[in-house]
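Structure file work_34.txt with compact mmCIF, C-alpha atoms:
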# COMPACT_ATOMS: atom_id res chain seq x y z
CA MET A 11 -0.21 125.53 161.54
CA THR A 12 2.09 122.57 162.08
CA HIS A 13 5.88 122.59 162.00
CA ASP A 14 5.85 120.74 158.68
CA GLU A 15 3.46 123.24 157.09
CA ILE A 16 5.59 126.16 158.24
CA GLU A 17 8.76 124.45 157.04
CA GLU A 18 7.30 124.18 153.54
CA MET A 19 6.81 127.95 153.50
CA LEU A 20 10.35 128.95 154.48
CA GLY A 21 11.57 129.24 150.90
CA VAL A 22 8.81 131.60 149.79
CA TYR A 23 9.14 133.47 153.07
CA ALA A 24 12.82 134.15 152.35
CA LEU A 25 11.86 135.55 148.93
CA ASP A 26 9.18 137.87 150.41
CA ALA A 27 6.61 135.88 148.44
CA LEU A 28 4.16 135.06 151.23
CA ASP A 29 0.91 136.88 151.82
CA ALA A 30 0.82 139.01 154.95
CA ASP A 31 -1.46 136.69 156.92
CA GLU A 32 0.80 133.70 156.39
CA ARG A 33 3.90 135.74 157.14
CA GLN A 34 2.58 136.28 160.65
CA ASP A 35 2.12 132.53 161.18
CA VAL A 36 5.71 131.91 160.10
CA ASP A 37 7.02 134.72 162.32
CA ASP A 38 5.25 133.23 165.34
CA HIS A 39 6.68 129.80 164.64
CA LEU A 40 10.21 131.09 164.01
CA ALA A 41 10.27 132.66 167.43
CA THR A 42 10.15 129.21 168.99
CA CYS A 43 11.86 126.92 166.45
CA PRO A 44 15.67 127.05 166.04
CA ARG A 45 15.59 124.44 163.26
CA CYS A 46 13.37 126.60 161.08
CA ARG A 47 15.44 129.69 161.91
CA ALA A 48 18.57 127.89 160.68
CA GLU A 49 16.89 126.81 157.45
CA LEU A 50 15.58 130.31 156.85
CA ALA A 51 19.04 131.79 157.39
CA ALA A 52 20.42 129.55 154.63
CA HIS A 53 17.59 130.50 152.24
CA ARG A 54 18.25 134.14 152.98
CA GLU A 55 21.91 133.78 152.10
CA VAL A 56 20.91 132.53 148.68
CA ALA A 57 18.32 135.31 148.28
CA ALA A 58 20.98 137.90 149.16
CA LEU A 59 23.27 136.50 146.46
CA LEU A 60 20.44 136.70 143.94
CA GLY A 61 19.83 140.30 144.96
CA ASN A 62 23.50 141.12 144.73
CA SER A 63 23.85 139.82 141.21
CA THR A 64 21.55 141.96 139.15
CA GLY A 65 24.19 143.47 136.93
CA ASP A 66 27.67 142.87 135.52
CA THR A 67 28.86 146.04 137.15
CA PRO A 68 27.05 147.21 140.23
CA ALA A 69 24.68 150.06 139.51
CA ALA A 70 25.92 153.36 140.87
CA ALA A 71 23.57 155.01 143.31
CA PRO A 72 22.55 158.48 142.14
CA ASP A 73 25.00 161.19 143.19
CA ASP A 74 22.46 163.50 144.70
CA LEU A 75 20.65 160.77 146.65
CA TRP A 76 23.18 160.72 149.47
CA GLN A 77 22.76 164.47 149.89
CA ARG A 78 19.01 163.98 150.26
CA ILE A 79 19.48 161.17 152.76
CA ALA A 80 21.99 163.18 154.80
CA ALA A 81 19.62 166.15 154.79
CA SER A 82 16.73 164.02 156.01
CA LEU A 83 18.88 162.75 158.90
CA GLN A 84 19.48 166.28 160.07
CA ASP A 85 15.76 166.89 160.06
CA GLU A 86 15.24 163.96 162.39
CA PRO A 87 14.67 164.72 166.04
CA PRO A 88 17.17 162.96 168.27
CA ALA A 89 16.29 159.36 169.04
CA LEU A 90 14.73 158.72 172.41
CA VAL A 91 17.85 157.63 174.22
CA SER A 92 20.01 160.39 172.81
CA VAL A 93 18.26 162.71 175.22
CA LEU A 94 20.20 160.89 177.89
CA ARG A 95 23.58 159.99 176.47
CA PRO A 96 24.22 160.52 172.80
CA ASN A 97 27.21 158.22 172.73
CA SER A 98 25.66 154.95 173.70
CA ARG A 99 22.16 154.71 172.38
CA ARG A 100 22.63 151.06 171.55
CA ARG A 101 22.92 150.00 175.18
CA LEU A 102 20.57 152.52 176.59
CA ALA A 103 17.83 151.48 174.23
CA LEU A 104 17.76 148.22 176.12
CA VAL A 105 18.32 149.14 179.70
CA VAL A 106 17.10 152.64 180.54
CA PRO A 107 13.51 152.76 181.78
CA LEU A 108 11.40 155.37 180.10
CA GLY A 109 10.69 156.78 183.54
CA VAL A 110 14.12 158.40 183.51
CA VAL A 111 13.17 160.24 180.38
CA ALA A 112 9.92 161.23 181.98
CA ALA A 113 11.76 163.17 184.65
CA GLY A 114 12.82 165.62 182.01
CA LEU A 115 9.34 166.11 180.70
CA MET A 116 7.43 167.32 183.73
CA LEU A 117 6.39 170.55 182.06
CA THR A 118 4.37 168.68 179.52
CA VAL A 119 2.54 166.55 182.04
CA GLY A 120 -0.59 168.68 182.16
CA LEU A 121 -0.93 168.62 178.42
CA LEU A 122 -0.36 164.91 178.22
CA ALA A 123 -2.84 164.05 180.94
CA ALA A 124 -5.68 165.34 178.82
CA LYS A 125 -4.70 163.04 176.02
CA VAL A 126 -4.39 159.90 178.08
CA GLY A 127 -7.25 157.56 177.62
CA SER A 128 -8.88 159.59 174.89
CA LEU A 129 -7.88 157.09 172.26
CA GLY A 130 -8.02 153.88 174.17
CA GLN A 131 -11.72 153.09 173.98
CA GLN A 132 -13.04 149.71 173.08
CA VAL A 133 -12.55 149.52 169.36
CA ASN A 134 -13.33 145.97 168.41
CA SER A 135 -16.48 146.99 166.58
CA LEU A 136 -17.69 146.50 163.06
CA ARG A 137 -17.11 150.17 162.37
CA HIS A 138 -13.51 149.84 163.49
CA GLN A 139 -12.95 146.82 161.29
CA ALA A 140 -14.43 148.65 158.31
CA SER A 141 -12.10 151.59 158.95
CA VAL A 142 -9.05 149.33 159.19
CA THR A 143 -10.06 147.66 155.96
CA SER A 144 -10.42 150.99 154.20
CA VAL A 145 -6.91 152.00 155.34
CA LEU A 146 -5.47 148.70 154.16
CA LEU A 147 -7.16 149.08 150.78
CA ASN A 148 -5.72 152.56 150.34
CA PRO A 149 -2.49 152.11 148.35
CA ALA A 150 -0.91 155.04 150.19
CA HIS A 151 -0.96 153.21 153.52
CA ARG A 152 2.31 152.35 155.21
CA THR A 153 2.93 149.53 157.64
CA VAL A 154 5.04 149.84 160.77
CA GLU A 155 5.99 146.74 162.74
CA LEU A 156 6.47 147.27 166.46
CA THR A 157 8.84 144.59 167.69
CA SER A 158 10.90 143.61 170.68
CA ALA A 159 14.65 143.10 170.59
CA THR A 160 14.41 140.43 173.26
CA HIS A 161 11.03 138.72 172.71
CA PRO A 162 10.26 138.05 169.06
CA VAL A 163 6.70 136.96 169.84
CA TRP A 164 5.81 140.39 171.24
CA ARG A 165 4.75 142.54 168.37
CA ALA A 166 2.10 144.81 166.95
CA THR A 167 1.43 146.33 163.57
CA VAL A 168 0.43 149.90 162.83
CA VAL A 169 -1.04 150.87 159.48
CA VAL A 170 -1.17 154.56 158.75
CA LEU A 171 -2.19 156.88 155.93
CA PRO A 172 -0.28 160.02 154.88
CA ASP A 173 -2.90 162.19 156.63
CA GLY A 174 -2.05 160.54 159.96
CA GLU A 175 -5.10 158.30 160.27
CA GLY A 176 -3.88 154.95 161.51
CA TYR A 177 -4.74 151.77 163.35
CA LEU A 178 -2.91 149.50 165.68
CA ILE A 179 -3.75 145.95 164.60
CA ASN A 180 -2.90 142.38 165.59
CA PRO A 181 -1.07 143.14 168.83
CA SER A 182 0.60 140.15 170.42
CA MET A 183 1.71 141.17 173.89
CA PRO A 184 2.74 139.44 177.11
CA ALA A 185 0.12 138.64 179.75
CA LEU A 186 -0.16 141.39 182.35
CA VAL A 187 -0.15 140.81 186.08
CA GLY A 188 -2.65 142.66 188.29
CA SER A 189 -4.13 146.05 187.46
CA GLN A 190 -2.00 146.94 184.48
CA THR A 191 -2.74 148.22 181.01
CA PHE A 192 -0.75 148.63 177.85
CA GLN A 193 -0.11 152.19 176.76
CA LEU A 194 0.96 153.51 173.37
CA TRP A 195 3.55 156.29 173.13
CA ALA A 196 5.23 158.23 170.37
CA LEU A 197 8.51 160.06 170.17
CA SER A 198 7.81 163.52 168.82
CA ARG A 199 10.50 166.18 168.53
CA GLY A 200 12.57 164.37 171.11
CA LYS A 201 9.71 164.12 173.61
CA VAL A 202 7.63 161.12 174.57
CA VAL A 203 3.90 161.72 174.15
CA SER A 204 1.00 159.42 175.01
CA LEU A 205 -1.25 158.16 172.25
CA GLY A 206 -3.57 156.46 174.68
CA VAL A 207 -4.14 153.34 176.75
CA LEU A 208 -4.83 150.05 175.03
CA GLY A 209 -6.29 147.95 177.84
CA SER A 210 -4.93 144.69 179.23
CA HIS A 211 -5.95 142.52 176.27
CA PRO A 212 -5.53 144.83 173.31
CA THR A 213 -7.14 143.78 170.04
CA GLY A 214 -6.51 146.98 168.12
CA ALA A 215 -7.09 150.72 168.32
CA PRO A 216 -7.44 153.76 166.09
CA ILE A 217 -4.52 156.16 166.40
CA ARG A 218 -3.55 159.52 164.99
CA VAL A 219 0.04 159.98 163.89
CA GLU A 220 1.47 163.49 163.62
CA PRO A 221 4.19 164.36 161.09
CA THR A 222 6.62 165.11 163.94
CA MET A 223 6.39 161.56 165.32
CA THR A 224 9.23 159.22 164.50
CA VAL A 225 8.93 156.24 166.84
CA LEU A 226 5.96 154.34 168.28
CA MET A 227 6.34 152.39 171.52
CA ILE A 228 4.17 150.30 173.82
CA ASN A 229 4.84 149.64 177.49
CA GLU A 230 2.77 148.62 180.49
CA GLU A 231 1.40 151.09 183.01
CA PRO A 232 -1.01 151.11 185.95
CA LEU A 233 -4.68 150.81 184.97
CA GLY A 234 -5.91 154.08 183.47
CA GLY A 235 -2.51 154.93 182.11
CA THR A 236 0.01 157.57 183.11
CA PRO A 237 0.86 160.97 181.66
CA ALA A 238 4.49 159.99 181.22
CA PRO A 239 6.03 156.53 180.85
CA THR A 240 7.24 154.76 183.99
CA THR A 241 8.37 151.34 182.71
CA PRO A 242 10.62 150.11 179.89
CA VAL A 243 9.42 149.81 176.32
CA LEU A 244 8.10 146.37 175.34
CA VAL A 245 7.86 146.84 171.58
CA GLN A 246 8.75 149.71 169.31
CA GLY A 247 8.98 150.60 165.64
CA ASN A 248 10.06 153.53 163.50
CA LEU A 249 7.54 155.49 161.50
CA PRO A 250 8.51 155.94 157.86
CA VAL A 251 10.21 159.21 157.07
CA GLY A 252 8.12 161.64 155.10
CA LEU A 253 4.90 159.82 155.84
CA MET B 75 35.37 160.87 156.03
CA GLN B 76 37.99 159.81 158.50
CA PRO B 77 40.60 157.29 157.41
CA ASP B 78 39.63 154.82 160.16
CA LEU B 79 36.19 154.42 158.62
CA PHE B 80 37.56 153.74 155.18
CA ASN B 81 39.20 150.58 156.51
CA ALA B 82 36.53 149.69 159.06
CA SER B 83 34.63 146.41 158.79
CA ASP B 84 30.92 146.62 158.05
CA ALA B 85 30.18 145.48 161.59
CA ASN B 86 32.29 148.31 162.98
CA LEU B 87 30.58 150.78 160.69
CA ALA B 88 27.21 149.62 161.97
CA PHE B 89 28.47 150.15 165.51
CA ALA B 90 29.68 153.65 164.60
CA ILE B 91 26.26 154.41 163.10
CA ALA B 92 24.69 153.40 166.40
CA ARG B 93 26.86 156.10 167.93
CA TYR B 94 25.54 158.77 165.57
CA ARG B 95 28.52 158.82 163.23
CA GLU B 96 27.00 160.16 160.05
CA ASP B 97 30.31 159.68 158.24
CA ALA B 98 29.98 155.95 158.99
CA LEU B 99 26.59 155.89 157.29
CA ALA B 100 28.15 157.74 154.34
CA GLU B 101 30.81 155.04 154.07
CA VAL B 102 28.17 152.28 154.14
CA TYR B 103 26.36 154.19 151.40
CA ARG B 104 29.56 154.39 149.35
CA ARG B 105 30.10 150.65 149.67
CA HIS B 106 26.60 149.28 149.24
CA ALA B 107 24.13 151.84 147.91
CA GLY B 108 24.90 150.89 144.31
CA ALA B 109 23.86 147.29 144.89
CA VAL B 110 20.79 148.33 146.85
CA PHE B 111 19.77 150.77 144.13
CA GLY B 112 20.41 148.15 141.44
CA LEU B 113 18.08 145.66 143.09
CA ALA B 114 15.35 148.22 143.75
CA ARG B 115 15.59 149.45 140.16
CA ARG B 116 15.47 145.90 138.90
CA LEU B 117 12.20 145.31 140.71
CA LEU B 118 10.51 148.68 140.39
CA ARG B 119 11.95 149.88 137.08
CA GLU B 120 11.11 153.48 137.91
CA ARG B 121 14.14 155.42 139.04
CA ALA B 122 12.31 157.66 141.49
CA ALA B 123 10.64 154.71 143.20
CA ALA B 124 13.98 152.90 143.46
CA GLU B 125 15.63 155.98 144.97
CA GLU B 126 12.86 156.16 147.53
CA VAL B 127 13.59 152.58 148.56
CA VAL B 128 17.32 153.31 148.90
CA GLN B 129 16.51 156.32 151.05
CA GLU B 130 14.15 154.34 153.27
CA VAL B 131 16.70 151.57 153.73
CA PHE B 132 19.53 153.90 154.74
CA VAL B 133 17.39 156.07 156.98
CA ARG B 134 16.17 152.91 158.70
CA LEU B 135 19.75 151.76 159.22
CA TRP B 136 20.42 155.13 160.83
CA ASN B 137 17.34 155.00 163.04
CA ALA B 138 17.54 151.32 164.00
CA PRO B 139 21.13 150.08 163.57
CA ASP B 140 20.44 147.32 166.10
CA ARG B 141 18.28 145.56 163.55
CA PHE B 142 21.43 144.53 161.73
CA ASP B 143 22.98 141.54 163.45
CA PRO B 144 26.50 140.83 162.12
CA ALA B 145 26.21 137.26 163.40
CA ARG B 146 23.37 136.56 160.99
CA GLY B 147 24.90 137.77 157.74
CA THR B 148 26.73 140.57 156.01
CA LEU B 149 25.59 144.18 156.08
CA ARG B 150 25.07 144.11 152.33
CA SER B 151 22.81 141.07 152.61
CA TYR B 152 20.83 142.84 155.29
CA LEU B 153 20.44 146.00 153.23
CA LEU B 154 19.47 144.02 150.13
CA ALA B 155 16.87 142.05 152.10
CA GLN B 156 15.41 145.30 153.45
CA ALA B 157 15.33 146.80 149.97
CA HIS B 158 13.72 143.70 148.50
CA GLY B 159 10.96 143.69 151.10
CA ARG B 160 10.20 147.36 150.55
CA ALA B 161 10.29 147.15 146.78
CA VAL B 162 7.96 144.16 146.87
CA ASP B 163 5.55 146.02 149.15
CA GLN B 164 5.46 148.84 146.62
CA LEU B 165 4.93 146.46 143.72
CA ARG B 166 1.97 144.94 145.49
CA SER B 167 0.22 148.21 146.20
CA GLU B 168 -2.85 148.56 144.05
CA VAL B 169 -1.73 151.57 142.04
CA ALA B 170 1.63 150.08 141.22
CA ARG B 171 0.03 146.79 140.32
CA ARG B 172 -2.27 148.48 137.83
CA ARG B 173 0.62 150.40 136.28
CA ARG B 174 2.67 147.26 135.97
CA GLU B 175 -0.14 145.30 134.40
CA GLU B 176 -0.73 148.06 131.87
CA ARG B 177 2.95 148.18 131.05
CA GLU B 178 3.21 144.45 130.71
CA ALA B 179 0.17 144.41 128.44
CA ARG B 180 1.81 147.07 126.27
CA GLU B 181 5.11 145.23 126.13
CA THR B 182 3.39 141.98 125.29
CA ALA B 183 1.54 143.64 122.42
CA HIS B 184 4.57 145.42 121.01
CA ALA B 185 7.47 143.08 121.44
CA GLY B 186 6.15 139.58 121.84
CA TYR B 187 7.24 140.06 125.41
CA ASP B 188 6.87 137.18 127.80
CA VAL B 189 7.71 136.61 131.38
CA GLU B 190 10.06 133.77 130.70
CA ARG B 191 12.19 135.77 128.32
CA GLU B 192 12.26 138.75 130.63
CA VAL B 193 13.54 136.83 133.61
CA GLY B 194 15.93 134.95 131.34
CA ASP B 195 17.61 138.25 130.52
CA ILE B 196 18.82 138.72 134.03
CA ILE B 197 22.51 139.35 134.06
CA VAL B 198 23.87 137.80 137.17
CA ALA B 199 27.25 137.18 138.64
CA ASP B 200 28.74 134.07 137.05
CA GLN B 201 28.49 131.69 139.95
CA VAL B 202 25.00 132.70 140.92
CA ARG B 203 23.91 132.54 137.29
CA GLU B 204 25.41 129.10 137.06
CA ALA B 205 23.69 127.91 140.22
CA LEU B 206 20.37 129.38 139.10
CA GLY B 207 20.78 128.10 135.57
CA GLY B 208 21.66 124.65 136.90
CA LEU B 209 18.23 124.28 138.48
CA PRO B 210 15.49 122.41 136.67
CA ASP B 211 13.13 124.91 134.98
CA SER B 212 10.38 123.81 137.35
CA GLU B 213 12.38 125.25 140.27
CA ARG B 214 14.17 128.14 138.54
CA ARG B 215 11.10 129.84 137.11
CA PRO B 216 9.12 130.16 140.34
CA ILE B 217 12.22 131.51 142.12
CA GLU B 218 12.75 134.13 139.41
CA LEU B 219 9.10 135.14 139.30
CA ALA B 220 8.96 135.50 143.06
CA TYR B 221 12.30 137.19 143.69
CA PHE B 222 12.86 139.32 140.60
CA ARG B 223 9.25 140.09 139.75
CA GLY B 224 7.93 140.39 143.28
CA HIS B 225 5.06 137.94 142.80
CA THR B 226 3.59 136.08 145.75
CA TYR B 227 3.79 132.32 145.47
CA ARG B 228 0.04 132.25 144.87
CA GLU B 229 0.47 134.55 141.88
CA VAL B 230 3.37 132.40 140.70
CA ALA B 231 1.10 129.36 140.91
CA THR B 232 -1.50 131.12 138.76
CA ILE B 233 1.09 132.28 136.21
CA LEU B 234 2.60 128.82 135.89
CA GLY B 235 -0.67 126.93 136.20
CA GLU B 236 0.71 124.82 139.06
CA PRO B 237 -0.83 124.02 142.45
CA GLU B 238 0.24 126.43 145.21
CA GLY B 239 1.74 123.63 147.30
CA THR B 240 3.89 122.53 144.39
CA VAL B 241 5.22 126.05 143.90
CA LYS B 242 6.11 126.32 147.60
CA SER B 243 8.03 123.04 147.54
CA ARG B 244 9.84 123.82 144.32
CA ILE B 245 11.00 127.20 145.55
CA ARG B 246 12.25 125.65 148.78
CA ASN B 247 14.00 122.79 147.01
CA GLY B 248 15.52 125.14 144.44
CA LEU B 249 16.96 127.38 147.14
CA LYS B 250 18.42 124.34 148.92
CA ARG B 251 19.99 123.15 145.70
CA MET B 252 21.46 126.58 145.00
CA HIS B 253 22.83 126.74 148.51
CA SER B 254 24.68 123.46 148.07
CA GLN B 255 25.94 124.52 144.66
CA LEU B 256 27.20 127.86 145.96
CA ILE B 257 29.04 126.20 148.83
CA VAL B 258 30.81 124.10 146.22
CA SER B 259 31.73 127.25 144.30
CA GLY B 260 33.14 128.68 147.50
CA LEU B 261 31.02 131.81 147.76
CA GLY B 262 31.49 131.87 151.48
CA LEU B 263 28.09 130.54 152.43
CA THR B 264 27.78 128.78 155.72
CA GLY B 265 27.87 125.02 155.60
CA ASP B 266 24.59 124.53 157.42
CA GLN B 267 22.39 122.63 155.06
CA PRO B 268 18.81 123.81 155.14

What do you get writing this file as structure tokens?
Amino acid sequence: MTHDEIEEMLGVYALDALDADERQDVDDHLATCPRCRAELAAHREVAALLGNSTGDTPAAAPDDLWQRIAASLQDEPPALVSVLRPNSRRRLALVVPLGVVAAGLMLTVGLLAAKVGSLGQQVNSLRHQASVTSVLLNPAHRTVELTSATHPVWRATVVVLPDGEGYLINPSMPALVGSQTFQLWALSRGKVVSLGVLGSHPTGAPIRVEPTMTVLMINEEPLGGTPAPTTPVLVQGNLPVGL
Amino acid sequence: MQPDLFNASDANLAFAIARYREDALAEVYRRHAGAVFGLARRLLRERAAAEEVVQEVFVRLWNAPDRFDPARGTLRSYLLAQAHGRAVDQLRSEVARRRREEREARETAHAGYDVEREVGDIIVADQVREALGGLPDSERRPIELAYFRGHTYREVATILGEPEGTVKSRIRNGLKRMHSQLIVSGLGLTGDQP
């Protein structure tokens, strides 16, 4: 799509009124076009005012809702970086290689090794596409965007059903150098577990999400994958609570 | 809650949340949850569904506070945008769509209900209402149908019987016009013209 075509869509994009396929095109363009980013920011300011003006007096949030939210926070396992230093997760999320975390997880290595590779088979088949379609058609499916804080063009989408059946779709990842592969990980009860290798040119993969998993991450690893992560996360996204 | 949080800026609260201060999240909830709930309720109508959206938005802020960038807008704008996106996703799920269509059919039968009247009932803050009301109908209606009813622009085009390209342009032009108008009314928008 051309710059002009994308530009025409910025208004509807700001109002969440684009279809998913077009949204991706706009996202890709925004990553490289400061002019469109500036226009979108202005549209979003207006949208926020519209959203903030839906009543004469602001609606009060239900009293008991905060209690439920607070309770659900306590049920959360600590975020990945809190294992290391609870007081500065913001910085650590960017700079600490997952390998440091791995050092604390040696006991689980044997278990993890068995899992590695089991999910990373070639999946670009008709059967796979049919399965993805059936998940997308199921109204209970949830979508998780895996994104990068530093490279907006790196991203992947995971769609998942309440029973844990899910698919990684539309990955857009950096080119790998040499014998490397992408590997998918999850944070589960404060530990990093492998969900399988994705290959060097991932097109999609079936995954299984457990209720204990809260974060999905992709990094690059030597061909064949590793039982525990050794390089920084490239993209990550939070799984919805109470999936 | 500690007194320092009561007076903290939203940006500082977001920073405190990144450092696992649950009382900071509670303060953000106290300040903004009403607006977030109001918007979700406006779109979804059902209280339970709106509460679910509020919960998702605040839990996400807790889990990924870095997603909020103070340089790009206020915390309330961010939370409202998150809530809008989630509410719209729910509206577009098949089950919800069916329920909504049934309800709208009922309302149409019983009360001479129509989309135009419904969106016209929106009670908005004076300046925003003025800016919205000052738009030509051809721009105001698609904006209302998209933002407050959660329709995609393609659906808006079908509802209004206009070409899709026309709807896209009118929404974009309407938002630009509102932006200029709201700068004039001094609502604190940035001066960058889209």

| 9 Å contact set for Leu153 (chain B), only C-alpha atoms, chain neighbours under 2 positions out, as a list in words |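 Skipping anything fewer than 2 positions along the chain leaves His106, Ala107, Val110, Val131, Phe132, Leu135, Phe142, Thr148, Leu149, Arg150, Ser151, Ala155, Gln156, Ala157 and His158 of chain B.
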
| task | For region 159-167 of chain B, please output as a list in words all residues within 7 Å (counting all atoms listed in the file; exclusion window: fewer than 6 positions along the same chain). | result |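 Here the qualifying residues turn out to be Asp26 and Pro149 of chain A; Ala114, Leu117, Leu118, Val127 and Gly224 of chain B.
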
Produce a file of the selected residues containing C-alpha atoms, as a PDB file, in the coordinates of the input.
ATOM      1  CA  ASP A  26       9.180 137.870 150.410  1.00  0.00           C
ATOM      2  CA  PRO A 149      -2.490 152.110 148.350  1.00  0.00           C
TER       3      PRO A 149
ATOM      4  CA  ALA B 114      15.350 148.220 143.750  1.00  0.00           C
ATOM      5  CA  LEU B 117      12.200 145.310 140.710  1.00  0.00           C
ATOM      6  CA  LEU B 118      10.510 148.680 140.390  1.00  0.00           C
ATOM      7  CA  VAL B 127      13.590 152.580 148.560  1.00  0.00           C
ATOM      8  CA  GLY B 224       7.930 140.390 143.280  1.00  0.00           C
TER       9      GLY B 224
END

| Within 12 Å of Thr167 (chain A), counting all atoms listed in the file, which residues qualify if same-chain residues fewer than 5 places away don't, as a ChimeraX atom specification? | /A:30,34,142,146,152-157,176-183,213-217,226-228,245-249

Counting only C-alpha atoms, which residues come within 10 Å of (-2.6, 151.8, 175.9), with the point read in the file's coordinates, and could you list them as a short mmCIF file (atom, residue, chain, number, x, y, z; two decimals) with C-alpha atoms, in the coordinates of the input?
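Written output follows (point-v7.cif):
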data_model
loop_
_atom_site.label_atom_id
_atom_site.label_comp_id
_atom_site.auth_asym_id
_atom_site.auth_seq_id
_atom_site.Cartn_x
_atom_site.Cartn_y
_atom_site.Cartn_z
CA VAL A 126 -4.39 159.90 178.08
CA GLY A 127 -7.25 157.56 177.62
CA LEU A 129 -7.88 157.09 172.26
CA GLY A 130 -8.02 153.88 174.17
CA GLN A 131 -11.72 153.09 173.98
CA GLN A 190 -2.00 146.94 184.48
CA THR A 191 -2.74 148.22 181.01
CA PHE A 192 -0.75 148.63 177.85
CA GLN A 193 -0.11 152.19 176.76
CA LEU A 194 0.96 153.51 173.37
CA TRP A 195 3.55 156.29 173.13
CA SER A 204 1.00 159.42 175.01
CA LEU A 205 -1.25 158.16 172.25
CA GLY A 206 -3.57 156.46 174.68
CA VAL A 207 -4.14 153.34 176.75
CA LEU A 208 -4.83 150.05 175.03
CA GLY A 209 -6.29 147.95 177.84
CA SER A 210 -4.93 144.69 179.23
CA HIS A 211 -5.95 142.52 176.27
CA PRO A 212 -5.53 144.83 173.31
CA GLY A 214 -6.51 146.98 168.12
CA ALA A 215 -7.09 150.72 168.32
CA MET A 227 6.34 152.39 171.52
CA ILE A 228 4.17 150.30 173.82
CA ASN A 229 4.84 149.64 177.49
CA GLU A 230 2.77 148.62 180.49
CA GLU A 231 1.40 151.09 183.01
CA LEU A 233 -4.68 150.81 184.97
CA GLY A 234 -5.91 154.08 183.47
CA GLY A 235 -2.51 154.93 182.11
CA THR A 236 0.01 157.57 183.11
#

| query | Which one is closest to chain A: B:Asp211, B:Arg251, B:Ala220, B:Leu87? Count all atoms listed in the file. | reply |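 The answer is B:Ala220, which sits nearest to chain A.
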
| query | Leaving out Val203 (chain A) and any residue of its chain fewer than 3 positions from it, which residues lie within 8 Å of it when counting all atoms listed in the file, given as a VMD selection string? | reply | chain A and resid 122 195 to 198 238

| field | Gap from CA of Asn81 (chain B) to CA of Glu126 (chain B) - Å, one decimal | value |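 Those two atoms sit 28.4 Å apart.
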
| Gap from CA of Leu209 (chain B) to CA of Met19 (chain A) - Å, one decimal |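 The value is 19.2 Å.
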
| field | Interface list for chain A, partner chain B, 9 Å threshold, only C-alpha atoms, as a ChimeraX atom specification | value | /A:18-22,24-29,45-46,48-66,68-72,75-76,78-80,82-83,89,96-100,147-151,159,247-248,250-251

| task | Would you mind reading off the distance between CA of Glu15 (chain A) and CA of Asp37 (chain A), one decimal, in Å? | result |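 Computed distance, CA of Glu15 (chain A) to CA of Asp37 (chain A), equals 13.1 Å.
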
| said: With distances taken over only C-alpha atoms, which residue among A:Thr42, A:Ser158, A:Thr12, A:Gln77 lies nearest Leu244 (chain A)? | reply: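 Going through A:Thr42, A:Ser158, A:Thr12, A:Gln77 one by one, the smallest distance to Leu244 (chain A) is for A:Ser158.
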